[in-house]
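Chemist: Have a look at the structure that comes next, please.
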Amino acid sequence: MDISPDDFPEIRWHGHWIWTEEQPVASGSPAGWDRKLRAPAHGLFRHRFLVADLPAKVPARMTADSRYMLFVNGVRVGYGPVRGQYRRLSYDMYDLAPYLRRGENTIAVLVKYFGRATSDWMPAVANARAGKTGVMVFEAKVGDAWVISDADWKSSIGAGWLDDAHDPKTPEIVAGVPVESFDARLTAVDWMVPEFDDSTWSQSQRIAAVHFGARGRSQPPTDPYGPLYPRSIAHLGGARRQPVSIASSVHMSALDLGPIGPAARVEAAIASLGEPTGEVKLEVPKGGQVLLRVDMGRIVAGFVDFTVAAPPGTVFEFHYAEERAGKPGPFGAHGGNRYVARGQDDTHRVFDKKGFRYAYILVHSATGPVSLDHFSVQEHLYPTSGEAYFRCSDDELNRLYAAGRRTVELNAWDAFIDCPSREQRAWAGDAVVHQMVHLATNADWRLARRYIELSDSPRSDGILPMSVAGDVEAGEGFTIPDWSLHWLHGLWSLYRHQGDREFIKAHMPGAERVLRWYLPFLTRSGVLQDVVEWNLVDWSALYSEEQSAIVTALWARGLKEFAEMAEWLGEAASATWARELHDRCTAGFELFWDEGRGLYVDHARDGVAQRPVNQLAGALAIVSGLAPRERWGKIISPITDPSRLVVRSWMFPGPDASPEAGAASFRRMILGGLVPDWDVETEIVLAEPFMSYVVHDAMVMSGEAHRLPDMLRRWSAFLTDGYDTFGENWGTGTRVHGWSSTPTRDLVTAILGISPASPGFAAALVTPRLGSVAGAEGAAPCPQGMIRVKARDGRLMIESPVPVQVDLPGREMQTFEAGSIDIELN
């Protein structure tokens with residue numbers, strides 16, 4: 001049965017915050033503000049209780065700092081909580097009725113406390129006791145009785161999980177992603193099953209929040225975790241993925257690499273010994289090693305499960321890679337774990353999720369036969385609901401639609417993330433494309449809303465962290481200011497699609513703070529100059545320093561969208577404020593117009609327009625409303641002319657460039673000294689896949705949507721060698737980056753032409769622009785249901801639960817009531 005917060009009407013929890021007695025928590029000053037570096041830890045918890053009669057429904061909820069796995073009678077039930085800022089910690093809800101039985105039942109919980117910030121977790125600022133180590137809280141109502149976490153729960157430190165990070169050469173966290181090291185000899189495989197003998201385990205300790213107002217209370221709500229919010233998104237799940245092939249190679253002697261992490265060790269072995277090429281052989285020579293390569297056939301993401309048979313002490317080092325040859329990512333070796341066999345019952349699930357195609361396994365230190373009996377990935381992704389689809393007469397475009405959905409699926413976890421393989425961070429700007437794809441393909445829009453909620457975590461000066469709920473936000477360092485403007489665009493997209501006044505109003509203060517952050521950089525003439533921090537905008541080569549057309553136009557788009565939302569909410573003063581600033585920008589933006597070339601240039605220096613042009617200067621001029629409408633066609637023509645477009649990036653100089661060349665280019669991007677190596681008079685830099693969404697928006701606004709089917713074909717370059725996802729950049733970067741999935745959105749909203757005509761889909765707009773496509777059909781979600789459109793054989797057929805405005809080339813706009821619509825196109 002569905003469990004909701006209504007099943008827990010009391011503000012104060014029945015359950016207590018607890019941790020194992022094996023790790024005592026010393027009290028400090030009640031004033032708190034403790035930011036000391038913490039050691040990671042794993043806590044194992046068990047509790048037995050009796051059930052006389054099985055209820056039809058057993059509502060339960062729990063949370064932990066940092067992450068937990070919940071087992072009931074030996075069955076894995078849940079994993080959580082979702083990432084978030086620690087003062088906005090959330091809890092998960094479950095119905096335990098299907099897992100209980102008459103008589104004795106056992107709840108078991110594994111809690112992992114990261115200690116140091118990761119890409120998806122930030123440590124709390126501790127008070128006198130709470131926030132200094134791991135904690136968990138649990139409660140379930142079984143009939144009229146409560147089963148709660150308390151000091152009588154049995155607990156133990158998970159000794160098998162080792163903290164390699166005490167040695168700086170073997171980091172536990174690389175690129176923000178934890179690297180697990182587990183010695184199975186130190187932890188019983190059956191610790192979570194009812195029959196396990198826990199008589200030697202210690203009791204638990206209550207963790208009271210000793211701070212002003214709580215008086216030592218250990219039941220939430222307490223500082224530093226806030227009121228505890230109910231989980232606002234669906235539970236994750238997915239298919240179990242099996243390998244398509246396994247290869248191996250045997251080496252008579254092991255490399256002496258010293259104490260390095262597992263991923264780095266495997267990469268070094270591949271570099272020295274080469275790729276595995278033979279049939280699977282796991283006869284590990286004395287003093288030697290075996291290298292395995294497991295190919296999943298495509299990118300997968302989730303929990304790695306494996307079973308091995310090996311003598312005690314045999315070491316398995318794992319490295320997870322998107323491509324063969326263990327190609328290092330831009331941040332070095334990452335995506336690994338280590339497993340030391342216990343000698344029997346060696347079945348294991350890696351606690352932290354991995355994204356990869358190839359798993360390399362280096363086996364060494366064996367004293368007898370070894371076998372890999374099972375390897376799979378249980379995907380753990382955001383579920384898709386509804387009946388959205390797209391199908392057309394062009395199979396290439398059909399593949400692009402599917403690829404974009406799969407790419408976003410792999411990057412839809414407890415938040416929209418950049419990539420499942422490299423960082424797994426929730427970037428405030430990247431996710432705007434993921435959100436657009438979800439709005440067009442998934443009837444469950446809760447993760448699209450969560451993106452706005454999670455990222456609305458401003459710094460003291462009002463701008464958002466570039467990545468939230470993890471190490472970047474915890475570090476309180478510099479940000480990418482324009483990522484906040486993409487977040488604002490995401491808020492506007494939700495306003496258009498969902499029309500939830502209370503939700504939009506709640507986030508308007510954050511949107512206004514973002515816009516006001518830019519005001520000190522606004523010149524009297526109305527353009528932005530010398531905006532501080534990292535004005536990335538896109539990986540394509542562009543100029544965002546000095547007086548910047550690109551940054552000014554991004555800000556102006558935010559002003560325009562803020563004014564529209566404010567007016568809809570009846571906040572006339574806010575709307576007027578934003579429109580007046582937009583008018584100033586409109587006047588000042590003429591600085592960047594090059595009448596002779598019919599283009600907007602990237603930037604000006606000391607009031608003099610410079611020559612380099614990126615597609616984005618003109619595209620943003622259109623979508624922001626800064627360019628006069630009569631110029632739109634003149635702008636679109638050159639910035640979409642294939643003969644003039646070149647691929648250039650300051651960060652990624654090319655697929656064949658050395659890591660050193662990339663690092664040097666990155667330093668120039670940050671420190672200055674960028675010199676174009678293209679003809680700035682005639683050539684225009686192509687936007688990378690991420691910001692292509694803005695170029696495509698400009699084409700739609702300019703009446704050029706019919707050209708998009710042919711422009712989208714560039715994305716087919718990603719779909720080779722078994723990969724069915726979109727990569728980060730043109731020719732470089734990761735193989736699965738959610739921000740590159742614009743084609744999927746475009747096929748639905750621009751080519752099939754389904755979009756909201758008014759906020760909340762009070763009415764739909766259908767504007768099919770098939771271009772070179774003979775026919776297309778599909779369905780997209782709206783709050784009232786699915787909107788279905790079929791354009792083929794000279795007819796346009798629509799099924800809609802809301803009124804529809806139909807815009808066809810060369811015809812007056814037509815308005816229809818909800819229901820079935822059939823229009824002759826010829």
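All residue names refer to the structure tokens as shown: chains lettered A, B, ... in order, residues numbered from 1 in each chain, ligands numbered from 1 in order.
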Using only C-alpha atoms, determine which residues lie at most 12 Å from Asp92 in chain A, disregarding the query and same-chain residues fewer than 2 positions distant; provide the list as number ranges by chain.

Modeler: A: 3-5, 8, 59-64, 67-70, 77-83, 89-90, 94-95, 136-140, 228-236, 414

Chemist: Near range 440-451 of chain A, counting only C-alpha atoms, which residues have an atom at most 9 Å away, once you skip same-chain residues fewer than 2 positions from it, shown as an MDAnalysis selection string?

Modeler: chainID A and resid 232:234 382:389 405 412:416 426 428 431:432 434:438 453:456 487 490:491 494 498 503 744:745 748:749 754:755 779:783 785:786

Chemist: CA of Glu317 in chain A to CA of Arg425 in chain A: how many Å, to one decimal?

Modeler: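 The value is 24.3 Å.
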
Chemist: Once DSSP has gone over the backbone, tell me which residues of range 40-83 of chain A are in strand (DSSP E), as a PyMOL selection string.

Modeler: chain A and resi 41-51+59-65+67-72+75-80

Chemist: Got a sec to tell me which of range 303-531 of chain A DSSP assigns to alpha helix (DSSP H), as a PyMOL selection string?

Modeler: chain A and resi 395-410+431-441+446-455+471-475+481-497+501-517

Chemist: Using only C-alpha atoms, which protein or nucleic acid residues come within 6 Å of range 100-105 of chain A? Drop anything in the same chain fewer than 3 positions from it, and give the result as number ranges by chain.

Modeler: A: 48-52, 97

Chemist: From the set A:Val244, A:Arg349, A:Pro285, A:Gly237, which residue has the shortest atom-to-atom contact distance to Phe182 in chain A, counting only C-alpha atoms?

Modeler: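 Among the listed residues, the smallest separation from Phe182 in chain A belongs to A:Arg349.
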
Chemist: Which residues of range 362-447 of chain A have any atom within 9 Å of an atom in range 246-263 of chain A when counting only C-alpha atoms, and what is the closest pair of atoms for each, with the distance in Å to one decimal? Order the rows by chain and rising number and write it as CSV.

Modeler:
```
residue,atom,partner,partner_atom,distance
A:Leu362,CA,A:Pro262,CA,8.7
A:His364,CA,A:Ala254,CA,7.4
A:Ser365,CA,A:Ala254,CA,8.9
```

Chemist: Take the residues that were just selected and, keeping N, CA, C and O atoms, output them as a short mmCIF file (atom, residue, chain, number, x, y, z; two decimals), in the first residue's frame.

Modeler:
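So the final result, stored in out.cif, reads:
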```
data_model
loop_
_atom_site.label_atom_id
_atom_site.label_comp_id
_atom_site.auth_asym_id
_atom_site.auth_seq_id
_atom_site.Cartn_x
_atom_site.Cartn_y
_atom_site.Cartn_z
N LEU A 362 41.29 -6.89 -11.52
CA LEU A 362 42.66 -7.41 -11.35
C LEU A 362 42.65 -8.33 -10.13
O LEU A 362 42.32 -7.89 -9.03
N HIS A 364 44.71 -10.85 -7.64
CA HIS A 364 46.06 -11.20 -7.19
C HIS A 364 46.03 -11.68 -5.75
O HIS A 364 44.98 -11.69 -5.10
N SER A 365 47.17 -12.11 -5.27
CA SER A 365 47.34 -12.60 -3.90
C SER A 365 46.54 -13.87 -3.64
O SER A 365 46.13 -14.14 -2.50
#
```

Chemist: I need the residue nearest Glu423 in chain A from this list: A:Val532, A:Ala575, A:Val736, A:Val408. Use only C-alpha atoms for the distance.

Modeler: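 Among the listed residues, the smallest separation from Glu423 in chain A belongs to A:Val736.
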
Chemist: Which polymer residues have any atom within 12 Å of an atom of Gly216 in chain A, counting only C-alpha atoms, with same-chain residues fewer than 5 positions away left out, as a PyMOL selection string?

Modeler: chain A and resi 16-17+27+30+127-130+206-211+221-223

Chemist: Choose the residue, out of A:Ile823, A:Leu674, A:Ala108, A:Leu282, that has the smallest atom-to-atom separation from Glu195 in chain A; count only C-alpha atoms.

Modeler: A:Ala108

Chemist: CA of Asp144 in chain A to CA of Asp7 in chain A: how many Å, to one decimal?

Modeler: 12.7 Å

Chemist: What's around range 151-154 of chain A at 7 Å? Count only C-alpha atoms, leave out sequence neighbours fewer than 5 positions away in its own chain, and write the answer as a list in words.

Modeler: Ile18, Phe45, Arg46, His47, Trp201, Ser202, Gln203, Ser204, Gln205 and Arg206 of chain A

Chemist: Counting only C-alpha atoms, which of A:Asp65, A:Asp352, A:Glu476, A:Asp679 gets nearest to Arg88 in chain A?

Modeler: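 Smallest distance to Arg88 in chain A is found for A:Asp65.
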
Chemist: Just the residues within 10 Å of Gly302 in chain A, please, counting only C-alpha atoms, with nothing from its chain fewer than 6 positions along; format it as a compact mmCIF listing (two decimals) with N, CA, C and O atoms, in the first residue's frame.

Modeler:
```txt
# COMPACT_ATOMS: atom_id res chain seq x y z
N LEU A 236 13.76 4.52 -6.50
CA LEU A 236 14.45 4.17 -7.73
C LEU A 236 14.43 2.66 -7.96
O LEU A 236 14.20 1.88 -7.04
N GLY A 237 14.67 2.26 -9.19
CA GLY A 237 14.69 0.84 -9.53
C GLY A 237 15.22 0.66 -10.93
O GLY A 237 15.82 1.57 -11.51
N GLY A 238 14.99 -0.51 -11.49
CA GLY A 238 15.45 -0.75 -12.85
C GLY A 238 15.74 -2.21 -13.12
O GLY A 238 15.54 -3.08 -12.26
N ALA A 239 16.23 -2.49 -14.31
CA ALA A 239 16.49 -3.85 -14.76
C ALA A 239 17.83 -4.34 -14.24
O ALA A 239 18.72 -3.56 -13.91
N ARG A 240 17.97 -5.66 -14.21
CA ARG A 240 19.27 -6.25 -13.90
C ARG A 240 20.00 -6.46 -15.23
O ARG A 240 19.48 -7.10 -16.13
N ARG A 241 21.22 -5.94 -15.33
CA ARG A 241 21.99 -5.99 -16.56
C ARG A 241 23.11 -7.02 -16.43
O ARG A 241 23.85 -7.03 -15.45
N VAL A 350 28.45 -3.81 -4.03
CA VAL A 350 29.19 -2.58 -3.76
C VAL A 350 28.19 -1.51 -3.31
O VAL A 350 27.17 -1.28 -3.97
N PHE A 351 28.48 -0.88 -2.18
CA PHE A 351 27.51 0.02 -1.56
C PHE A 351 27.19 1.23 -2.44
O PHE A 351 26.04 1.65 -2.54
N ASP A 352 28.20 1.81 -3.06
CA ASP A 352 28.01 3.03 -3.83
C ASP A 352 27.81 2.67 -5.31
O ASP A 352 28.52 1.84 -5.88
N LYS A 353 26.86 3.34 -5.95
CA LYS A 353 26.50 3.00 -7.32
C LYS A 353 27.61 3.37 -8.30
O LYS A 353 28.35 4.34 -8.09
N LYS A 354 27.68 2.61 -9.38
CA LYS A 354 28.67 2.82 -10.42
C LYS A 354 27.98 2.94 -11.78
O LYS A 354 26.95 2.33 -12.02
N GLY A 355 28.62 3.73 -12.65
CA GLY A 355 28.17 3.84 -14.03
C GLY A 355 29.33 3.50 -14.95
O GLY A 355 30.43 4.05 -14.80
N PHE A 356 29.13 2.58 -15.90
CA PHE A 356 30.25 2.13 -16.72
C PHE A 356 29.73 1.24 -17.84
O PHE A 356 28.57 0.81 -17.84
N SER A 376 26.85 -8.78 -12.26
CA SER A 376 25.72 -8.08 -12.88
C SER A 376 25.58 -6.71 -12.25
O SER A 376 26.24 -6.39 -11.25
N VAL A 377 24.73 -5.91 -12.85
CA VAL A 377 24.42 -4.58 -12.33
C VAL A 377 22.91 -4.48 -12.15
O VAL A 377 22.15 -4.67 -13.11
N GLN A 378 22.50 -4.20 -10.93
CA GLN A 378 21.10 -3.90 -10.67
C GLN A 378 20.92 -2.40 -10.84
O GLN A 378 21.34 -1.60 -10.00
N GLU A 379 20.32 -2.01 -11.96
CA GLU A 379 20.17 -0.58 -12.21
C GLU A 379 19.27 0.05 -11.15
O GLU A 379 18.30 -0.56 -10.68
N HIS A 380 19.61 1.27 -10.79
CA HIS A 380 18.92 1.99 -9.72
C HIS A 380 18.70 3.41 -10.21
O HIS A 380 19.45 4.33 -9.90
N LEU A 381 17.64 3.58 -11.01
CA LEU A 381 17.39 4.81 -11.74
C LEU A 381 15.97 5.29 -11.49
O LEU A 381 15.13 4.55 -10.98
N LEU A 410 19.90 7.29 -17.39
CA LEU A 410 21.12 6.93 -16.69
C LEU A 410 21.62 8.05 -15.79
O LEU A 410 22.45 7.81 -14.90
N TRP A 413 19.00 9.99 -11.04
CA TRP A 413 19.11 9.21 -9.81
C TRP A 413 18.20 9.84 -8.76
O TRP A 413 17.03 10.04 -9.01
N PRO A 420 26.89 9.29 -14.83
CA PRO A 420 26.95 8.25 -13.79
C PRO A 420 28.33 7.68 -13.57
O PRO A 420 28.55 6.96 -12.62
```

Chemist: For Pro509 in chain A, please output as a ChimeraX atom specification all residues within 12 Å (counting only C-alpha atoms; exclusion window: fewer than 2 positions along the same chain).

Modeler: /A:456-458,462-463,488,491,503-507,511-516,562,565-566,571,574

Chemist: Once you have the residues from the selection above, write them out as a short mmCIF file (atom, residue, chain, number, x, y, z; two decimals), in the first residue's frame, restricted to C-alpha atoms.

Modeler:
```
data_model
loop_
_atom_site.label_atom_id
_atom_site.label_comp_id
_atom_site.auth_asym_id
_atom_site.auth_seq_id
_atom_site.Cartn_x
_atom_site.Cartn_y
_atom_site.Cartn_z
CA ASP A 456 17.63 26.57 -4.52
CA SER A 457 20.37 26.66 -1.89
CA PRO A 458 21.95 30.09 -2.38
CA GLY A 462 22.37 35.12 -3.46
CA ILE A 463 24.00 33.15 -6.28
CA LEU A 488 15.92 30.05 -13.34
CA LEU A 491 11.80 27.27 -12.85
CA PHE A 503 5.63 26.14 -5.93
CA ILE A 504 6.67 28.93 -8.29
CA LYS A 505 6.04 31.62 -5.68
CA ALA A 506 8.18 29.71 -3.15
CA HIS A 507 11.17 29.91 -5.48
CA ALA A 511 15.25 33.69 -8.67
CA GLU A 512 15.28 37.38 -7.77
CA ARG A 513 18.42 36.98 -5.64
CA VAL A 514 20.15 35.36 -8.60
CA LEU A 515 19.20 38.24 -10.89
CA ARG A 516 20.21 40.86 -8.33
CA PHE A 562 11.13 36.30 -14.19
CA MET A 565 6.21 34.61 -13.85
CA ALA A 566 5.87 37.65 -11.58
CA GLU A 571 3.48 40.65 -8.42
CA SER A 574 8.63 42.64 -9.42
#
```

Chemist: In Å, with one decimal, what is the gap from CA of Val601 in chain A to CA of Pro676 in chain A?

Modeler: 13.9 Å

Chemist: Looking at only C-alpha atoms, which of A:Arg714, A:Trp539, A:Leu616, A:Ile417 is the one that sits closest to Met651 in chain A?

Modeler: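 Distance minimum relative to Met651 in chain A lands on A:Trp539.
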